[in-house]
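> The structure is given below, and queries will be raised subsequently.
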Amino acid sequence: MKRLLSMTSPERVRELILILLIVLVSLFFSSQIPNYFNARFFNRVSTSVAITAVIAIGQTLVFLTRNFDLSVGSIVGFTAYFVGQQLTRNNDIPPALAVLMAVGIGVVMGAINGVIISYGRVPSIITTIGTLAVYRTLLIEFSDAQTVLTAKLPKWVVDLPRVNIISFGDLDIRLVVGIMLLVVVIFQFVLTYLPFGRRLYAIGSNPEAARNAGFPSQQIVFIAFVLSGALSGLAGFLFLARFGNVTVVAGQGLEFASIAAIVVGGVSNNGGSGTVFGALLGAIMIDLLENSLIRWLAISEFWRDAILGMLILLAVASDKLVLSKLRSIWTRSELQITDETVVEKQEAEHHVAKA
């Protein structure tokens, strides 16, 4: 039992619970909504998840360092509008350049956040509330109250949401979902196997110890915000491809949805705990609930925000009341198993020496 507990970390427990909840929610709504499991609904939810999850992954990197990024919605909106406007003016811009343009804008905006927070030592919540307003104002001034129209975009942008990479009968996996899955795989690998990922966890778990260990904490936090901005820029391009028509309110509320996704997915607001896969599951849970409730009850946007707030509160409460105790039990079990392993090794070495 102890061995089993040591192999099942609290994060894995949260992820397994989330998978179970996603299945139960799907089964519940399938009993309430006729023809619930259909290809159109699957495609709508999966493309919505793709945008939320890409933002949430960047938010996860920031959260691991005990910081917040509330400007992501404004970055998404500005990026979607700017790139959309350039594409309407010049339909010959190649797809790769359009994506690089979106990511580059996100990098610049994320770097501004990173400099102020890492080197200016201004709290992230204050900084990103400010840049949320500044970036949105830039969008309003830049747009001059004009709308990016689908009819003026290049055909490849309009067709992008319907491009499939693989099909399972009537279910199609869209290219935008494939991009999201690639981002998940890359950053799960980064957090699990690369020194940068381990340092993110170390800084969030114990900032003082990380500094004493010689970690370049300021630089790492700066890079986390740059990556968050870059992924928000990528999400801005996906937003443009999905909706086509982009106004000055584009991306509003996505900062709220991304935080809900990662908190529900088990990323701790105290830093140093959480996974990219958990953030993905949180995004699936959030978007599945939103889209299902729209079909079932046709609820308003205000009620959807209330549900997101309730999910955040429940997730934080469960983290404090349940998972914190589970982490304590898991840590004690790990230490006990380590001690037992050392004793077993010493006894084995003693027997070998006697033989």
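Starting from 1 in every chain, residues are counted up; chains themselves are A, B, ... following the order of the structure tokens, and ligands are numbered from 1 as listed.
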Need the shell around A:Val134: protein/DNA/RNA residues with any atom at most 12 Å away, counting only C-alpha atoms. Skip same-chain ones fewer than 3 positions apart. Format as a PyMOL selection string?
chain A and resi 70-75+78+109+112-113+127-131+137-141
> Selection from above, C-alpha atoms, as a PDB file, in the first residue's frame, can you write it?

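The resulting file, again14.pdb, is reproduced below:
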ATOM      1  CA  LEU A  70      -4.289  38.745 -15.622  1.00  0.00           C
ATOM      2  CA  SER A  71      -3.347  40.426 -18.899  1.00  0.00           C
ATOM      3  CA  VAL A  72      -3.680  37.293 -21.067  1.00  0.00           C
ATOM      4  CA  GLY A  73      -7.189  38.136 -22.297  1.00  0.00           C
ATOM      5  CA  SER A  74      -6.071  41.564 -23.505  1.00  0.00           C
ATOM      6  CA  ILE A  75      -2.997  40.033 -25.191  1.00  0.00           C
ATOM      7  CA  PHE A  78      -4.884  42.697 -29.314  1.00  0.00           C
ATOM      8  CA  MET A 109       3.722  42.107 -24.179  1.00  0.00           C
ATOM      9  CA  ILE A 112       6.883  44.010 -20.517  1.00  0.00           C
ATOM     10  CA  ASN A 113       5.078  42.168 -17.717  1.00  0.00           C
ATOM     11  CA  THR A 127       1.254  44.735 -12.733  1.00  0.00           C
ATOM     12  CA  THR A 128      -1.004  42.549 -14.834  1.00  0.00           C
ATOM     13  CA  ILE A 129      -4.201  44.335 -13.774  1.00  0.00           C
ATOM     14  CA  GLY A 130      -2.501  47.480 -15.065  1.00  0.00           C
ATOM     15  CA  THR A 131      -1.292  45.925 -18.322  1.00  0.00           C
ATOM     16  CA  THR A 137      -6.817  50.510 -24.399  1.00  0.00           C
ATOM     17  CA  LEU A 138      -4.133  50.019 -27.064  1.00  0.00           C
ATOM     18  CA  LEU A 139      -6.550  47.717 -28.903  1.00  0.00           C
ATOM     19  CA  ILE A 140      -9.370  50.265 -28.693  1.00  0.00           C
ATOM     20  CA  GLU A 141      -7.155  53.080 -29.983  1.00  0.00           C
TER      21      GLU A 141
END
> Which of stretch 130-323 of chain A counts as alpha helix (DSSP H) under DSSP, as a VMD selection string please?
chain A and resid 130 to 143 155 to 159 175 to 193 195 to 205 207 to 212 217 to 243 254 to 264 276 to 297 301 to 318
> Which neighbours of A:Ala224 fall inside 8 Å, counting only C-alpha atoms, when residues of the same chain fewer than 4 positions from it are skipped, and could you give them as a PyMOL selection string?
chain A and resi 58+61-62+114+220+228
> Write a file of the selected residues as a PDB file, in the first residue's frame, keeping N, CA and C atoms.

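For reference, out.pdb as written:
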ATOM      1  N   GLY A  58       0.373  28.648 -20.490  1.00  0.00           N
ATOM      2  CA  GLY A  58       1.217  29.794 -20.146  1.00  0.00           C
ATOM      3  C   GLY A  58       0.941  30.290 -18.740  1.00  0.00           C
ATOM      4  N   LEU A  61       2.748  28.141 -16.117  1.00  0.00           N
ATOM      5  CA  LEU A  61       4.162  28.469 -15.915  1.00  0.00           C
ATOM      6  C   LEU A  61       4.314  29.622 -14.940  1.00  0.00           C
ATOM      7  N   VAL A  62       3.435  30.616 -15.058  1.00  0.00           N
ATOM      8  CA  VAL A  62       3.484  31.773 -14.171  1.00  0.00           C
ATOM      9  C   VAL A  62       3.034  31.401 -12.764  1.00  0.00           C
ATOM     10  N   GLY A 114       7.089  40.820 -17.593  1.00  0.00           N
ATOM     11  CA  GLY A 114       8.215  40.175 -16.917  1.00  0.00           C
ATOM     12  C   GLY A 114       9.223  41.157 -16.372  1.00  0.00           C
ATOM     13  N   ILE A 220      14.306  33.520 -14.458  1.00  0.00           N
ATOM     14  CA  ILE A 220      13.347  32.429 -14.669  1.00  0.00           C
ATOM     15  C   ILE A 220      11.918  32.956 -14.656  1.00  0.00           C
ATOM     16  N   SER A 228       4.316  32.944 -21.255  1.00  0.00           N
ATOM     17  CA  SER A 228       2.875  33.145 -21.096  1.00  0.00           C
ATOM     18  C   SER A 228       2.357  34.105 -22.169  1.00  0.00           C
TER      19      SER A 228
END
> I'd like a table as JSON lines: residues in stretch 221-326 of chain A with an atom no more than 7 Å from stretch 97-107 of chain A, each row giving the shortest atom pair and its distance in Å to one decimal, only C-alpha atoms counted, sorted by chain and rising residue number.

{"residue": "A:Val226", "atom": "CA", "partner": "A:Val107", "partner_atom": "CA", "distance": 5.2}
{"residue": "A:Leu227", "atom": "CA", "partner": "A:Val107", "partner_atom": "CA", "distance": 6.9}
{"residue": "A:Gly229", "atom": "CA", "partner": "A:Gly106", "partner_atom": "CA", "distance": 4.3}
{"residue": "A:Ala230", "atom": "CA", "partner": "A:Gly106", "partner_atom": "CA", "distance": 4.4}
{"residue": "A:Leu231", "atom": "CA", "partner": "A:Val103", "partner_atom": "CA", "distance": 6.8}
{"residue": "A:Ser232", "atom": "CA", "partner": "A:Gly106", "partner_atom": "CA", "distance": 6.1}
{"residue": "A:Gly233", "atom": "CA", "partner": "A:Gly106", "partner_atom": "CA", "distance": 4.2}
{"residue": "A:Leu234", "atom": "CA", "partner": "A:Val103", "partner_atom": "CA", "distance": 5.2}
{"residue": "A:Gly236", "atom": "CA", "partner": "A:Ala102", "partner_atom": "CA", "distance": 6.8}
{"residue": "A:Phe237", "atom": "CA", "partner": "A:Ala102", "partner_atom": "CA", "distance": 6.1}
> Using only C-alpha atoms, which protein or nucleic acid residues come within 9 Å of stretch 271-278 of chain A? Drop anything in the same chain fewer than 4 positions from it, and give the result as a PyMOL selection string.
chain A and resi 11-12+14-15+18+56-57+60-67+184-185+187-188+191-192+200-206+261-267+282-283
> Which residue is closest to A:Ala241? Choose from A:Asp170, A:Asp69, A:Asp92, A:Asp159 and count only C-alpha atoms.
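Among A:Asp170, A:Asp69, A:Asp92, A:Asp159, it is A:Asp159 that comes nearest to A:Ala241.
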> Quick one: distance from atom CA of A:Ile55 to atom CA of A:Ala257 in Å, one decimal?
9.2 Å
